[in-house]
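> File model-v7.cif follows (mmCIF, C-alpha atoms):
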```cif
data_my_file
loop_
_atom_site.label_atom_id
_atom_site.label_comp_id
_atom_site.auth_asym_id
_atom_site.auth_seq_id
_atom_site.Cartn_x
_atom_site.Cartn_y
_atom_site.Cartn_z
CA MET A 1 -23.74 -4.97 9.14
CA SER A 2 -22.96 -7.89 11.43
CA GLU A 3 -19.31 -8.78 11.92
CA HIS A 4 -18.25 -11.88 10.03
CA LEU A 5 -15.41 -14.25 10.80
CA PRO A 6 -12.36 -12.94 8.88
CA LEU A 7 -11.52 -14.85 5.72
CA TYR A 8 -8.06 -16.39 5.92
CA ARG A 9 -6.57 -16.02 2.43
CA PHE A 10 -3.28 -17.84 2.92
CA SER A 11 -2.22 -21.49 2.86
CA ARG A 12 -2.16 -23.90 5.76
CA GLU A 13 1.64 -23.93 5.48
CA ASP A 14 1.72 -20.13 5.77
CA ALA A 15 -0.56 -20.42 8.79
CA ARG A 16 1.83 -22.87 10.46
CA ASN A 17 4.84 -20.66 9.72
CA HIS A 18 3.14 -17.61 11.22
CA ASP A 19 1.51 -19.38 14.18
CA GLU A 20 -1.95 -18.75 12.69
CA ILE A 21 -3.19 -22.30 12.35
CA LYS A 22 -6.26 -21.55 14.47
CA GLU A 23 -7.21 -18.69 12.16
CA TRP A 24 -6.76 -20.97 9.14
CA ARG A 25 -8.78 -23.78 10.73
CA ASP A 26 -11.62 -21.50 11.83
CA SER A 27 -11.80 -19.94 8.36
CA TYR A 28 -11.69 -23.34 6.65
CA HIS A 29 -14.61 -24.63 8.73
CA GLU A 30 -16.55 -21.45 7.94
CA ASN A 31 -15.82 -22.00 4.24
CA CYS A 32 -17.36 -25.46 4.54
CA ASN A 33 -20.39 -24.03 6.35
CA CYS A 34 -20.77 -21.38 3.66
CA ALA A 35 -20.63 -23.93 0.83
CA PHE A 36 -23.31 -26.01 2.55
CA ALA A 37 -25.47 -22.93 3.14
CA ILE A 38 -25.26 -21.94 -0.54
CA GLY A 39 -26.41 -25.44 -1.49
CA GLU A 40 -29.31 -25.26 0.95
CA ALA A 41 -30.29 -21.82 -0.37
CA ILE A 42 -30.30 -23.13 -3.94
CA THR A 43 -32.57 -26.00 -2.95
CA ALA A 44 -34.95 -23.68 -1.10
CA ASN A 45 -35.14 -21.10 -3.90
CA TYR A 46 -35.27 -23.20 -7.05
CA HIS A 47 -38.86 -23.60 -8.19
CA ASP A 48 -40.52 -24.08 -11.58
CA ASN A 49 -37.16 -24.01 -13.36
CA ARG A 50 -36.40 -20.59 -11.88
CA LEU A 51 -33.69 -19.71 -9.38
CA GLY A 52 -34.80 -17.10 -6.86
CA ASP A 53 -32.59 -14.90 -4.70
CA CYS A 54 -30.51 -17.44 -2.84
CA LEU A 55 -27.55 -15.09 -2.40
CA THR A 56 -28.72 -12.36 -0.02
CA PRO A 57 -29.28 -14.50 3.11
CA VAL A 58 -25.95 -16.26 2.63
CA VAL A 59 -24.09 -12.96 2.19
CA GLU A 60 -25.77 -11.60 5.33
CA ARG A 61 -24.58 -14.63 7.28
CA PHE A 62 -21.07 -15.10 5.89
CA GLY A 63 -20.14 -11.87 4.08
CA ILE A 64 -19.52 -11.35 0.38
CA ASP A 65 -15.78 -12.08 0.69
CA ARG A 66 -16.34 -15.64 1.85
CA VAL A 67 -19.22 -16.25 -0.56
CA ASN A 68 -17.03 -15.15 -3.47
CA TRP A 69 -14.14 -17.27 -2.14
CA VAL A 70 -16.29 -20.41 -1.89
CA LEU A 71 -17.86 -19.91 -5.32
CA ALA A 72 -14.49 -19.20 -6.93
CA ASN A 73 -13.03 -22.31 -5.31
CA THR A 74 -15.98 -24.37 -6.57
CA LEU A 75 -15.35 -23.30 -10.16
CA GLN A 76 -11.59 -23.68 -9.85
CA GLN A 77 -12.05 -27.27 -8.68
CA ALA A 78 -14.31 -27.98 -11.69
CA ASP A 79 -12.51 -26.02 -14.40
CA TYR A 80 -13.08 -28.94 -16.78
CA ASP A 81 -16.88 -28.64 -16.50
CA GLY A 82 -18.42 -26.99 -19.55
CA ARG A 83 -21.63 -26.22 -17.71
CA TYR A 84 -19.96 -23.19 -16.10
CA SER A 85 -19.74 -20.15 -18.35
CA ARG A 86 -16.36 -19.01 -19.63
CA GLU A 87 -16.94 -15.60 -18.08
CA ASN A 88 -17.56 -17.11 -14.66
CA LYS A 89 -14.53 -19.40 -14.97
CA ALA A 90 -12.38 -16.38 -15.80
CA TRP A 91 -13.84 -14.58 -12.78
CA ALA A 92 -13.01 -17.56 -10.55
CA LYS A 93 -9.42 -17.64 -11.78
CA SER A 94 -8.95 -14.02 -10.68
CA PHE A 95 -8.91 -15.30 -7.07
CA TYR A 96 -5.67 -16.74 -5.75
CA ILE A 97 -6.82 -19.63 -3.57
CA PRO A 98 -3.81 -21.55 -2.21
CA ALA A 99 -3.74 -25.18 -3.31
CA ASP A 100 -4.72 -27.56 -0.53
CA GLU A 101 -6.07 -31.11 -0.47
CA ASN A 102 -8.96 -29.85 1.65
CA ASN A 103 -10.23 -27.33 -0.92
CA CYS A 104 -12.57 -29.92 -2.39
CA TYR A 105 -14.54 -29.93 0.86
CA PHE A 106 -15.75 -26.35 0.52
CA CYS A 107 -17.21 -26.70 -2.95
CA VAL A 108 -20.92 -26.18 -3.54
CA LYS A 109 -22.37 -29.58 -4.44
CA SER A 110 -25.48 -28.36 -6.27
CA HIS A 111 -26.03 -28.77 -10.02
CA PRO A 112 -23.37 -26.75 -11.92
CA CYS A 113 -25.97 -24.83 -13.94
CA LEU A 114 -27.57 -23.60 -10.72
CA VAL A 115 -24.21 -22.76 -9.12
CA ASP A 116 -23.35 -20.84 -12.29
CA GLY A 117 -26.51 -18.79 -11.73
CA VAL A 118 -25.44 -18.01 -8.16
CA VAL A 119 -22.05 -16.85 -9.45
CA ASP A 120 -23.89 -14.48 -11.79
CA MET A 121 -25.77 -13.13 -8.75
CA ALA A 122 -22.56 -12.74 -6.75
CA ARG A 123 -20.85 -10.84 -9.55
CA ASP A 124 -23.88 -8.56 -9.95
CA TYR A 125 -23.95 -8.00 -6.17
CA TRP A 126 -20.30 -6.93 -6.22
CA ARG A 127 -20.76 -4.63 -9.22
CA ASN A 128 -23.74 -2.97 -7.57
CA LEU A 129 -21.57 -1.98 -4.62
CA GLY A 130 -20.05 0.60 -6.97
CA PHE A 131 -16.36 0.11 -6.20
CA PHE A 132 -13.63 1.71 -8.24
CA ASP A 133 -11.90 -0.93 -10.36
CA LYS A 134 -8.87 -1.55 -12.55
CA THR A 135 -10.60 -0.12 -15.63
CA GLN A 136 -10.53 3.32 -13.97
CA CYS A 137 -6.76 3.35 -13.47
CA SER A 138 -4.31 5.39 -15.51
CA ASP A 139 -1.07 3.94 -16.91
CA GLN A 140 1.08 5.79 -14.33
CA ASN A 141 3.37 3.50 -12.34
CA ASP A 142 4.93 5.99 -9.91
CA TYR A 143 2.50 6.50 -7.04
CA THR A 144 4.20 9.49 -5.36
CA GLY A 145 1.74 12.36 -4.94
CA LYS A 146 -0.99 10.42 -6.74
CA LEU A 147 -4.52 9.41 -5.81
CA LEU A 148 -4.63 5.62 -5.63
CA ILE A 149 -7.41 3.05 -5.71
CA MET A 150 -7.23 0.51 -2.92
CA LYS A 151 -8.35 -3.05 -3.59
CA PRO A 152 -11.78 -3.32 -1.92
CA GLU A 153 -10.90 -6.57 -0.15
CA THR A 154 -8.07 -4.79 1.68
CA LEU A 155 -10.66 -2.87 3.71
CA LYS A 156 -12.73 -4.29 6.53
CA GLU A 157 -16.29 -4.93 5.42
CA GLU A 158 -17.81 -2.27 7.65
CA TYR A 159 -15.55 0.38 6.06
CA ARG A 160 -15.68 -0.95 2.51
CA THR A 161 -17.01 1.92 0.41
CA PRO A 162 -15.84 3.57 -2.80
CA GLU A 163 -14.92 6.67 -0.77
CA ASN A 164 -12.60 4.68 1.46
CA GLN A 165 -10.86 3.18 -1.56
CA LEU A 166 -9.23 6.51 -2.38
CA PHE A 167 -5.77 6.91 -0.85
CA PHE A 168 -3.40 9.83 -1.42
CA ALA A 169 0.21 8.58 -1.57
CA THR A 170 2.83 10.90 -0.08
CA GLY A 171 5.92 8.71 -0.36
CA GLY A 172 7.66 5.48 0.49
CA PHE A 173 9.78 3.08 -1.54
CA GLY A 174 6.62 1.24 -2.63
CA CYS A 175 5.60 4.24 -4.73
CA ARG A 176 8.31 3.33 -7.21
CA PRO A 177 7.55 0.19 -9.23
CA LYS A 178 11.10 -1.16 -9.30
CA ALA A 179 12.21 -0.27 -5.78
CA ALA A 180 13.11 -3.04 -3.35
CA GLY A 181 10.78 -1.70 -0.66
CA ARG A 182 7.03 -2.08 -1.01
CA ARG A 183 5.57 0.26 1.62
CA VAL A 184 3.40 3.18 0.46
CA PHE A 185 2.75 6.01 2.93
CA GLY A 186 -0.10 8.46 2.71
CA MET A 187 -3.63 9.15 3.88
CA PHE A 188 -7.23 8.18 3.22
CA LEU A 189 -8.73 11.01 1.23
CA SER A 190 -12.14 10.66 2.91
CA ASP A 191 -10.97 11.54 6.45
CA GLY A 192 -7.25 12.35 6.25
CA GLU A 193 -6.18 9.38 8.38
CA LYS A 194 -2.45 8.75 7.84
CA THR A 195 -1.18 5.20 7.52
CA SER A 196 0.71 2.92 5.17
CA PHE A 197 0.05 -0.12 3.00
CA TYR A 198 1.96 -2.33 0.62
CA ARG A 199 2.08 -1.59 -3.09
CA GLN A 200 0.15 -4.79 -3.84
CA ASP A 201 -2.81 -3.45 -1.81
CA PHE A 202 -3.59 -0.98 -4.61
CA LEU A 203 -5.14 -1.37 -8.05
CA GLY A 204 -3.25 1.65 -9.38
CA VAL A 205 -3.54 5.41 -9.91
CA LEU A 206 -7.07 6.74 -10.39
CA ALA A 207 -7.33 8.31 -13.84
CA ASP A 208 -8.15 12.02 -13.76
CA GLU A 209 -11.43 11.63 -15.66
CA HIS A 210 -12.75 9.27 -12.97
CA ILE A 211 -11.96 11.48 -9.95
CA PRO A 212 -15.29 12.45 -8.32
CA ASP A 213 -15.96 16.12 -7.54
CA TRP A 214 -15.67 15.69 -3.75
CA ALA A 215 -12.27 14.02 -4.17
CA ARG A 216 -11.05 16.69 -6.57
CA GLU A 217 -11.94 19.38 -4.01
CA LYS A 218 -10.07 17.54 -1.25
CA LEU A 219 -7.02 17.10 -3.45
CA GLN A 220 -6.92 20.84 -4.05
CA THR A 221 -6.79 21.51 -0.31
CA LEU A 222 -3.78 19.24 0.26
CA THR A 223 -0.51 21.11 0.65
CA ALA A 224 2.84 19.65 -0.28
CA PRO A 225 4.80 18.47 2.83
CA ASN A 226 7.89 20.44 3.78
CA GLU A 227 9.85 17.36 4.72
CA ASP A 228 11.17 14.71 2.37
CA PRO A 229 8.75 11.95 1.37
CA GLN A 230 8.37 9.35 4.08
CA THR A 231 10.33 6.15 3.69
CA GLU A 232 9.89 2.68 5.09
CA GLU A 233 12.54 3.29 7.76
CA GLN A 234 10.27 5.83 9.45
CA THR A 235 7.91 4.79 12.20
CA GLU A 236 4.39 4.53 10.85
CA PRO A 237 1.36 2.42 11.75
CA ASP A 238 1.43 -0.89 9.91
CA SER A 239 -2.28 -0.79 9.27
CA SER A 240 -5.37 1.30 9.64
CA PRO A 241 -8.48 0.53 11.69
CA ILE A 242 -10.32 0.20 8.41
CA MET A 243 -7.86 -2.27 6.89
CA GLY A 244 -8.95 -5.86 6.62
CA GLY A 245 -7.32 -8.25 9.06
CA MET A 246 -6.81 -11.17 6.71
#
```
Translate the structure described by the file into structure tokens.

Amino acid sequence: MSEHLPLYRFSREDARNHDEIKEWRDSYHENCNCAFAIGEAITANYHDNRLGDCLTPVVERFGIDRVNWVLANTLQQADYDGRYSRENKAWAKSFYIPADENNCYFCVKSHPCLVDGVVDMARDYWRNLGFFDKTQCSDQNDYTGKLLIMKPETLKEEYRTPENQLFFATGGFGCRPKAAGRRVFGMFLSDGEKTSFYRQDFLGVLADEHIPDWAREKLQTLTAPNEDPQTEEQTEPDSSPIMGGM
């Protein structure tokens, strides 16, 4: 998989406050390029009242994160338009895209019915990647000693697999839902790499009935640490090599 320009998910104001305006600007221009490319792909693949596969080449060029971002922004900007399906509008609203006067410039300008078809393709593409999702979470809120599901978008694209979504939490204030701290310490179940993330980077605790056999075997080999659970005051890496940068 070719490396794509990271998607900047925060506002221009956030970018200014964190000295990341170049990252915001580069990502914004790539959003505009992506929207234009989707429109071109629709034009090239719409024949005889049928819409062919106009998603794959755009995903290969820009990555599924940016394609989803641009499509979600397009529907958010046209929430009044009844030509988009209710299901696709609900999908678009699941993305938090910071309000900005420039958002209108990375909307796909093609006919809404055709854009709606591309959204269907994008949603199918994502489902076919086989990620764990919120429907597979239990109702447990304390993460300590539990197997967690990471949000797929937290991982870099080249490491984004269902296996890498599984994270065993060993401690940290973020394991407790009402604690002031948000850091969760633990390890990736697939390779044992130790690191930490924020509580909001997880979908929740993987329900027992959805734990795959390979993961269940690995869980059985884990031994309880002798020391107290790690806390956010301890020195730990802020991110993993497989964590997404933006």
> Give me the result of the PyMOL selection byres ((chain A and resi 23) around 10) on this file, residue by residue, as a list in words.
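That selection, the PyMOL selection byres ((chain A and resi 23) around 10), comes back as Leu5, Pro6, Leu7, Tyr8, Arg12, Ala15, Asp19, Glu20, Ile21, Lys22, Trp24, Arg25, Asp26, Ser27, Tyr28 and Met246 of chain A.
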> Please provide as a PDB file with C-alpha atoms, in the frame of the given file all residues within 12 Å of A:Glu87, with the sequence filter that same-chain residues fewer than 3 positions apart are discarded (counting only C-alpha atoms).

```
ATOM      1  CA  ALA A  72     -14.490 -19.200  -6.930  1.00  0.00           C
ATOM      2  CA  LEU A  75     -15.350 -23.300 -10.160  1.00  0.00           C
ATOM      3  CA  ASP A  79     -12.510 -26.020 -14.400  1.00  0.00           C
ATOM      4  CA  GLY A  82     -18.420 -26.990 -19.550  1.00  0.00           C
ATOM      5  CA  ARG A  83     -21.630 -26.220 -17.710  1.00  0.00           C
ATOM      6  CA  TYR A  84     -19.960 -23.190 -16.100  1.00  0.00           C
ATOM      7  CA  ALA A  90     -12.380 -16.380 -15.800  1.00  0.00           C
ATOM      8  CA  TRP A  91     -13.840 -14.580 -12.780  1.00  0.00           C
ATOM      9  CA  ALA A  92     -13.010 -17.560 -10.550  1.00  0.00           C
ATOM     10  CA  LYS A  93      -9.420 -17.640 -11.780  1.00  0.00           C
ATOM     11  CA  SER A  94      -8.950 -14.020 -10.680  1.00  0.00           C
ATOM     12  CA  ASP A 116     -23.350 -20.840 -12.290  1.00  0.00           C
ATOM     13  CA  GLY A 117     -26.510 -18.790 -11.730  1.00  0.00           C
ATOM     14  CA  VAL A 119     -22.050 -16.850  -9.450  1.00  0.00           C
ATOM     15  CA  ASP A 120     -23.890 -14.480 -11.790  1.00  0.00           C
ATOM     16  CA  ARG A 123     -20.850 -10.840  -9.550  1.00  0.00           C
TER      17      ARG A 123
END
```
> Could you tell me how far atom CA of A:Ala180 sits from atom CA of A:Cys137, in Å to one decimal place?
23.2 Å
> Carefully work through the PyMOL selection byres ((chain A and resi 131) around 8) for this structure and note down the residues it includes, as a VMD selection string.
chain A and resid 127 129 to 130 132 to 133 152 161 to 162 165
> Looking at only C-alpha atoms, which of A:Arg61, A:His4, A:Leu189, A:Ala122 is the one that sits closest to A:Glu217?
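Once distances to A:Glu217 are computed over only C-alpha atoms, the minimum belongs to A:Leu189.
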